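Enquirer: Before I ask anything, here is the structure I am working with.
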Amino acid sequence: MPEKPKLLITRRLRDAVQARAARDYHVVTNDDDHVFTRAELIEKCGQVDAVLPCHSEHFSADVIAELPKSLKIIANHSVGVDHVDLTAAKEAGIVVTNTPDVLSDATAEIAMLCMLGASRRGAEGDAMVRAGKWDFWSPAFMVGRQVTGKRFGVLGMGRVGQVAAERARGFGMEVHYHNRKPLPDHLAKGAIFHETIEDLFAHSDVLSLHCPSTPETKGIINSKTIAMLPDRAILVNTARGNLVDEDALVSALESGKLFAAGLDVFCNEPGGNQRISALNNVFLLPHIGSATEETRDAMGFRALDNLDAYFQGKEPGDRVA
């Protein structure tokens, strides 16, 4: 029998995923689940034929330049691949894959949680009850914004954006979106296309970010674009933290230009932004958009499917480089 390929799994995955990997590969694990330093990542990759990383590992061009020729494939445990320099990987002859489709429902659920938590002052109310400070009620007490009947703007109408739009329709919201091009009718499902972000933002009582992080989208939410939103709009971000200029966001939340924000992602991860955390009109989560039992299993299995295909001499189904 041919020798099993050697596989580095950079973080602790779900038990079923780890078990399948151990069955089919010689696995190098990260037993204490820490984030590898740059030197550790390069050193560990030198021991294996393949690596199954998460978004916490950064394969920049300079890191890829130091990887050995023996490393053949980076099979990401994520949809986003902004942590991998795809051009450098392609030039080095390293195949790169991701895990699309399987996390759309889970991430869209978190977008709805962030929207409702922000609009109905969820974090503020939870903290009040937990601290034993709920000692008052009146018709003016803890009044938030209702989303029913409001306009739900989607920036990036890909897989997650489409599912989030469907969930928003369940709240009776009118869906608007901006994409590089309009979706066909059977996917748009009546959502209103806007050719520019300026036009989308002007029609978004809730703006939900679902675009990838690219040089073009980094910082796309800034003081100029926030000014395009209706007064007292709500911002939701479950995509990538660097889409948002966090200083501009804090200013908009403090001034009341934005009513609230619901955020699952931040520029600094882990950790977040303490200026944002100090505000009452934010609902915050620690990047758990795909963190369900079902989805994390599916992501791990999808990454292993891509590895299996590659080592069987087939084209991985989710190849991005």
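In the structure tokens, chains take the letters A, B, ... in the order shown, each chain's residues start at 1, and ligands count up from 1 in the order shown.
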Listing only residues of region 171-286 of chain A within 7 Å of region 152-155 of chain A, what is the closest atom pair and its distance in Å (to one decimal) for each, using only C-alpha atoms, sorted by chain and residue number ascending, as CSV?
Expert:
residue,atom,partner,partner_atom,distance
A:Met173,CA,A:Phe152,CA,6.1
A:Glu174,CA,A:Phe152,CA,5.9
A:Val175,CA,A:Phe152,CA,4.9
A:His176,CA,A:Gly153,CA,4.7
A:Tyr177,CA,A:Val154,CA,4.5
A:His178,CA,A:Leu155,CA,5.4
A:Asn179,CA,A:Leu155,CA,6.8
A:Leu200,CA,A:Gly153,CA,6.6
A:Ser204,CA,A:Gly153,CA,4.7
A:Asp205,CA,A:Phe152,CA,6.2
A:Val206,CA,A:Phe152,CA,5.0
A:Leu207,CA,A:Gly153,CA,4.6
A:Ser208,CA,A:Val154,CA,5.1
A:Leu209,CA,A:Leu155,CA,5.1
A:His210,CA,A:Leu155,CA,5.7
A:Cys211,CA,A:Leu155,CA,6.1
Enquirer: What does the file look like for those residues with all heavy atoms, as a compact mmCIF listing (two decimals), in the first residue's frame?
Expert:
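Dumped everything to result35.txt:
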# COMPACT_ATOMS: atom_id res chain seq x y z
N MET A 173 -38.93 42.38 5.49
CA MET A 173 -38.04 43.44 5.03
C MET A 173 -37.94 43.46 3.51
O MET A 173 -38.06 42.42 2.86
CB MET A 173 -36.65 43.28 5.65
CG MET A 173 -36.65 43.26 7.17
SD MET A 173 -34.99 43.14 7.90
CE MET A 173 -34.46 44.86 7.75
N GLU A 174 -37.71 44.63 2.96
CA GLU A 174 -37.52 44.80 1.53
C GLU A 174 -36.01 44.70 1.25
O GLU A 174 -35.22 45.45 1.83
CB GLU A 174 -38.04 46.16 1.08
CG GLU A 174 -37.90 46.44 -0.40
CD GLU A 174 -38.44 47.81 -0.77
OE1 GLU A 174 -37.72 48.81 -0.56
OE2 GLU A 174 -39.59 47.87 -1.24
N VAL A 175 -35.60 43.80 0.37
CA VAL A 175 -34.19 43.52 0.16
C VAL A 175 -33.63 44.33 -1.00
O VAL A 175 -34.20 44.35 -2.10
CB VAL A 175 -33.95 42.02 -0.10
CG1 VAL A 175 -32.47 41.74 -0.36
CG2 VAL A 175 -34.43 41.20 1.10
N HIS A 176 -32.51 45.00 -0.73
CA HIS A 176 -31.75 45.74 -1.74
C HIS A 176 -30.34 45.18 -1.74
O HIS A 176 -29.85 44.71 -0.71
CB HIS A 176 -31.71 47.23 -1.40
CG HIS A 176 -33.06 47.89 -1.41
ND1 HIS A 176 -33.44 48.80 -2.37
CD2 HIS A 176 -34.12 47.76 -0.57
CE1 HIS A 176 -34.67 49.20 -2.12
NE2 HIS A 176 -35.11 48.59 -1.03
N TYR A 177 -29.64 45.26 -2.88
CA TYR A 177 -28.28 44.72 -2.89
C TYR A 177 -27.42 45.39 -3.95
O TYR A 177 -27.91 45.97 -4.92
CB TYR A 177 -28.29 43.21 -3.10
CG TYR A 177 -28.60 42.74 -4.52
CD1 TYR A 177 -27.57 42.33 -5.39
CD2 TYR A 177 -29.91 42.68 -4.99
CE1 TYR A 177 -27.85 41.89 -6.67
CE2 TYR A 177 -30.20 42.24 -6.28
CZ TYR A 177 -29.16 41.84 -7.12
OH TYR A 177 -29.43 41.40 -8.39
N HIS A 178 -26.11 45.28 -3.72
CA HIS A 178 -25.11 45.67 -4.72
C HIS A 178 -24.16 44.50 -4.90
O HIS A 178 -23.70 43.90 -3.94
CB HIS A 178 -24.32 46.90 -4.27
CG HIS A 178 -23.13 47.19 -5.15
ND1 HIS A 178 -23.26 47.69 -6.42
CD2 HIS A 178 -21.79 47.02 -4.94
CE1 HIS A 178 -22.06 47.83 -6.95
NE2 HIS A 178 -21.15 47.42 -6.07
N ASN A 179 -23.89 44.19 -6.15
CA ASN A 179 -22.98 43.13 -6.56
C ASN A 179 -22.20 43.63 -7.76
O ASN A 179 -22.55 44.69 -8.32
CB ASN A 179 -23.80 41.89 -6.99
CG ASN A 179 -23.42 40.65 -6.23
OD1 ASN A 179 -22.80 40.72 -5.18
ND2 ASN A 179 -23.81 39.50 -6.76
N LEU A 200 -27.08 51.91 -3.11
CA LEU A 200 -27.48 50.89 -2.14
C LEU A 200 -27.54 51.47 -0.74
O LEU A 200 -28.53 51.28 -0.02
CB LEU A 200 -26.49 49.72 -2.16
CG LEU A 200 -26.70 48.71 -1.01
CD1 LEU A 200 -28.02 47.98 -1.17
CD2 LEU A 200 -25.54 47.73 -0.91
N SER A 204 -30.67 51.65 2.50
CA SER A 204 -30.41 50.61 3.49
C SER A 204 -30.67 51.11 4.91
O SER A 204 -29.84 51.84 5.47
CB SER A 204 -28.97 50.10 3.37
OG SER A 204 -28.72 49.54 2.10
N ASP A 205 -31.82 50.72 5.48
CA ASP A 205 -32.05 51.00 6.90
C ASP A 205 -31.18 50.08 7.76
O ASP A 205 -30.74 50.45 8.84
CB ASP A 205 -33.53 50.79 7.24
CG ASP A 205 -34.43 51.70 6.43
OD1 ASP A 205 -34.21 52.92 6.44
OD2 ASP A 205 -35.35 51.18 5.77
N VAL A 206 -30.96 48.88 7.24
CA VAL A 206 -29.98 47.94 7.80
C VAL A 206 -29.03 47.60 6.67
O VAL A 206 -29.47 47.21 5.58
CB VAL A 206 -30.63 46.65 8.33
CG1 VAL A 206 -29.56 45.67 8.80
CG2 VAL A 206 -31.60 46.96 9.45
N LEU A 207 -27.73 47.77 6.88
CA LEU A 207 -26.74 47.39 5.88
C LEU A 207 -25.95 46.20 6.42
O LEU A 207 -25.31 46.28 7.46
CB LEU A 207 -25.78 48.54 5.59
CG LEU A 207 -24.66 48.21 4.59
CD1 LEU A 207 -25.23 47.92 3.21
CD2 LEU A 207 -23.64 49.35 4.52
N SER A 208 -26.01 45.08 5.69
CA SER A 208 -25.34 43.85 6.10
C SER A 208 -24.21 43.54 5.12
O SER A 208 -24.44 43.46 3.91
CB SER A 208 -26.35 42.70 6.15
OG SER A 208 -25.82 41.58 6.81
N LEU A 209 -23.01 43.37 5.66
CA LEU A 209 -21.82 43.16 4.83
C LEU A 209 -21.57 41.68 4.59
O LEU A 209 -21.46 40.90 5.54
CB LEU A 209 -20.59 43.78 5.50
CG LEU A 209 -20.72 45.24 5.93
CD1 LEU A 209 -19.39 45.73 6.50
CD2 LEU A 209 -21.17 46.13 4.78
N HIS A 210 -21.48 41.30 3.31
CA HIS A 210 -21.25 39.90 2.95
C HIS A 210 -20.26 39.78 1.80
O HIS A 210 -20.23 38.73 1.13
CB HIS A 210 -22.57 39.22 2.60
CG HIS A 210 -23.54 39.19 3.72
ND1 HIS A 210 -23.39 38.35 4.80
CD2 HIS A 210 -24.64 39.94 3.98
CE1 HIS A 210 -24.38 38.56 5.66
NE2 HIS A 210 -25.14 39.52 5.20
N CYS A 211 -19.44 40.79 1.61
CA CYS A 211 -18.45 40.74 0.53
C CYS A 211 -17.12 40.21 1.06
O CYS A 211 -16.84 40.30 2.26
CB CYS A 211 -18.27 42.12 -0.10
SG CYS A 211 -17.89 43.43 1.08
Enquirer: Show which residues sit within 12 Å of Phe141 (chain A), as a PyMOL selection string. Count only C-alpha atoms, and ignore same-chain residues fewer than 3 positions away.
Expert: chain A and resi 120-121+124-125+134-138+144
Enquirer: Residues of region 198-237 of chain A that have any atom at most 10 Å from an atom of region 78-94 of chain A: could you tabulate them with the shortest-distance atom pair and the distance in Å to one decimal, using only C-alpha atoms, ordered by chain and increasing number, as CSV?
Expert:
residue,atom,partner,partner_atom,distance
A:Cys211,CA,A:Gly80,CA,9.8
A:Pro212,CA,A:Gly80,CA,6.8
A:Ser213,CA,A:Asp82,CA,6.3
A:Thr214,CA,A:Asp82,CA,7.2
A:Pro215,CA,A:Asp82,CA,9.8
Enquirer: Per residue of region 58-148 of chain A within 7 Å of region 236-242 of chain A, record the nearest atom pair and its distance in Å to one decimal, counting only C-alpha atoms, with rows in chain order and ascending residue number, as a Markdown table.
Expert:
| residue | atom | partner | partner_atom | distance |
| --- | --- | --- | --- | --- |
| A:Ala111 | CA | A:Thr238 | CA | 6.0 |
| A:Cys114 | CA | A:Val236 | CA | 6.3 |
| A:Met115 | CA | A:Val236 | CA | 6.1 |
Enquirer: Figure out the distance between CA of His287 (chain A) and CA of Pro270 (chain A), please, to one decimal in Å.
Expert: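 Interatomic distance here is 8.4 Å.
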Enquirer: Please report, as an NGL selection string, each residue of region 191-312 of chain A to which DSSP assigns alpha helix (DSSP H) when run on this structure's backbone.
Expert: :A and (197-202 or 223-226 or 246-255 or 274-277 or 293-311)
Enquirer: How far is it from CA of Gly272 (chain A) to CA of Ala298 (chain A), in Å with one decimal?
Expert: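 Interatomic distance, CA of Gly272 (chain A) to CA of Ala298 (chain A): 27.0 Å.
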Enquirer: Using CA of Met157 (chain A) and CA of Ala123 (chain A) as the two end points, give the distance in Å to one decimal.
Expert: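 Those two atoms sit 27.9 Å apart.
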Enquirer: So that I can see what lies close to region 47-56 of chain A, please list as a list in words the residues with an atom at most 6 Å from it, counting only C-alpha atoms and leaving out residues fewer than 6 positions away in the same chain.
Expert: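 Residues meeting the cut-off are Lys6, Leu7, Leu8, Ile9, Thr10, Ser70, Leu71, Lys72, Ile73, Ile74, Ala75, Asn76, His77 and His83 of chain A.
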Enquirer: Please produce an output containing C-alpha atoms for each residue in the selection, written as a compact mmCIF listing (two decimals), in the first residue's frame.
Expert:
# COMPACT_ATOMS: atom_id res chain seq x y z
CA LYS A 6 1.52 13.72 5.78
CA LEU A 7 -1.00 16.38 6.83
CA LEU A 8 -0.59 19.32 9.21
CA ILE A 9 -3.85 20.38 10.92
CA THR A 10 -3.07 23.76 12.42
CA SER A 70 7.33 19.17 -0.65
CA LEU A 71 4.23 21.11 0.47
CA LYS A 72 1.73 20.52 -2.29
CA ILE A 73 -1.66 21.84 -1.09
CA ILE A 74 -3.21 24.29 1.38
CA ALA A 75 -6.75 23.03 2.06
CA ASN A 76 -8.39 25.85 4.00
CA HIS A 77 -10.98 25.31 6.72
CA HIS A 83 -5.17 34.93 4.76
Enquirer: Run DSSP on the backbone and tell me which residues of region 176-289 of chain A come out as strand (DSSP E or B); list them as a ChimeraX atom specification.
Expert: /A:176-178,192-193,206-209,221,233-237,244,258-263,282-284
Enquirer: Using N, CA and C atoms, can you export the residues from the last selection as a short mmCIF file (atom, residue, chain, number, x, y, z; two decimals), in the first residue's frame?
Expert:
data_model
loop_
_atom_site.label_atom_id
_atom_site.label_comp_id
_atom_site.auth_asym_id
_atom_site.auth_seq_id
_atom_site.Cartn_x
_atom_site.Cartn_y
_atom_site.Cartn_z
N HIS A 176 -32.51 45.00 -0.73
CA HIS A 176 -31.75 45.74 -1.74
C HIS A 176 -30.34 45.18 -1.74
N TYR A 177 -29.64 45.26 -2.88
CA TYR A 177 -28.28 44.72 -2.89
C TYR A 177 -27.42 45.39 -3.95
N HIS A 178 -26.11 45.28 -3.72
CA HIS A 178 -25.11 45.67 -4.72
C HIS A 178 -24.16 44.50 -4.90
N ILE A 192 -33.85 44.18 -5.00
CA ILE A 192 -33.64 45.32 -5.87
C ILE A 192 -32.13 45.58 -6.03
N PHE A 193 -31.66 45.54 -7.27
CA PHE A 193 -30.24 45.72 -7.55
C PHE A 193 -29.90 47.19 -7.66
N VAL A 206 -30.96 48.88 7.24
CA VAL A 206 -29.98 47.94 7.80
C VAL A 206 -29.03 47.60 6.67
N LEU A 207 -27.73 47.77 6.88
CA LEU A 207 -26.74 47.39 5.88
C LEU A 207 -25.95 46.20 6.42
N SER A 208 -26.01 45.08 5.69
CA SER A 208 -25.34 43.85 6.10
C SER A 208 -24.21 43.54 5.12
N LEU A 209 -23.01 43.37 5.66
CA LEU A 209 -21.82 43.16 4.83
C LEU A 209 -21.57 41.68 4.59
N ILE A 221 -16.34 50.59 4.49
CA ILE A 221 -17.19 51.33 5.43
C ILE A 221 -16.31 52.34 6.15
N ALA A 233 -29.33 54.44 10.75
CA ALA A 233 -29.25 53.10 10.15
C ALA A 233 -28.51 52.16 11.10
N ILE A 234 -28.56 50.88 10.78
CA ILE A 234 -27.90 49.83 11.57
C ILE A 234 -26.92 49.11 10.66
N LEU A 235 -25.69 48.94 11.14
CA LEU A 235 -24.66 48.23 10.38
C LEU A 235 -24.46 46.84 10.97
N VAL A 236 -24.41 45.84 10.09
CA VAL A 236 -24.16 44.45 10.48
C VAL A 236 -22.95 43.95 9.71
N ASN A 237 -21.98 43.38 10.41
CA ASN A 237 -20.80 42.82 9.73
C ASN A 237 -20.51 41.43 10.26
N VAL A 244 -14.27 47.49 7.59
CA VAL A 244 -14.76 48.64 8.33
C VAL A 244 -13.61 49.46 8.90
N LEU A 258 -25.33 56.48 13.19
CA LEU A 258 -25.79 55.10 13.21
C LEU A 258 -26.54 54.84 14.51
N PHE A 259 -27.68 54.19 14.42
CA PHE A 259 -28.41 53.83 15.63
C PHE A 259 -27.65 52.78 16.42
N ALA A 260 -27.09 51.79 15.70
CA ALA A 260 -26.41 50.70 16.37
C ALA A 260 -25.63 49.90 15.34
N ALA A 261 -24.80 48.99 15.84
CA ALA A 261 -24.07 48.05 14.98
C ALA A 261 -24.08 46.68 15.62
N GLY A 262 -24.13 45.65 14.78
CA GLY A 262 -24.00 44.27 15.22
C GLY A 262 -22.80 43.66 14.52
N LEU A 263 -21.79 43.27 15.29
CA LEU A 263 -20.51 42.86 14.71
C LEU A 263 -20.07 41.49 15.20
N VAL A 282 -23.95 48.74 20.66
CA VAL A 282 -23.35 47.71 19.82
C VAL A 282 -23.69 46.33 20.39
N PHE A 283 -23.82 45.38 19.47
CA PHE A 283 -24.03 43.98 19.84
C PHE A 283 -22.84 43.22 19.25
N LEU A 284 -22.07 42.56 20.11
CA LEU A 284 -20.78 42.02 19.70
C LEU A 284 -20.68 40.51 19.92
#
Enquirer: Could you check the closest approach to Gly161 (chain A) for each of A:Asp15, A:Glu40, A:Asp105, A:Asp62 and tell me which residue wins, using only C-alpha atoms?
Expert: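 Ranked by minimum distance to Gly161 (chain A), first place goes to A:Asp105.
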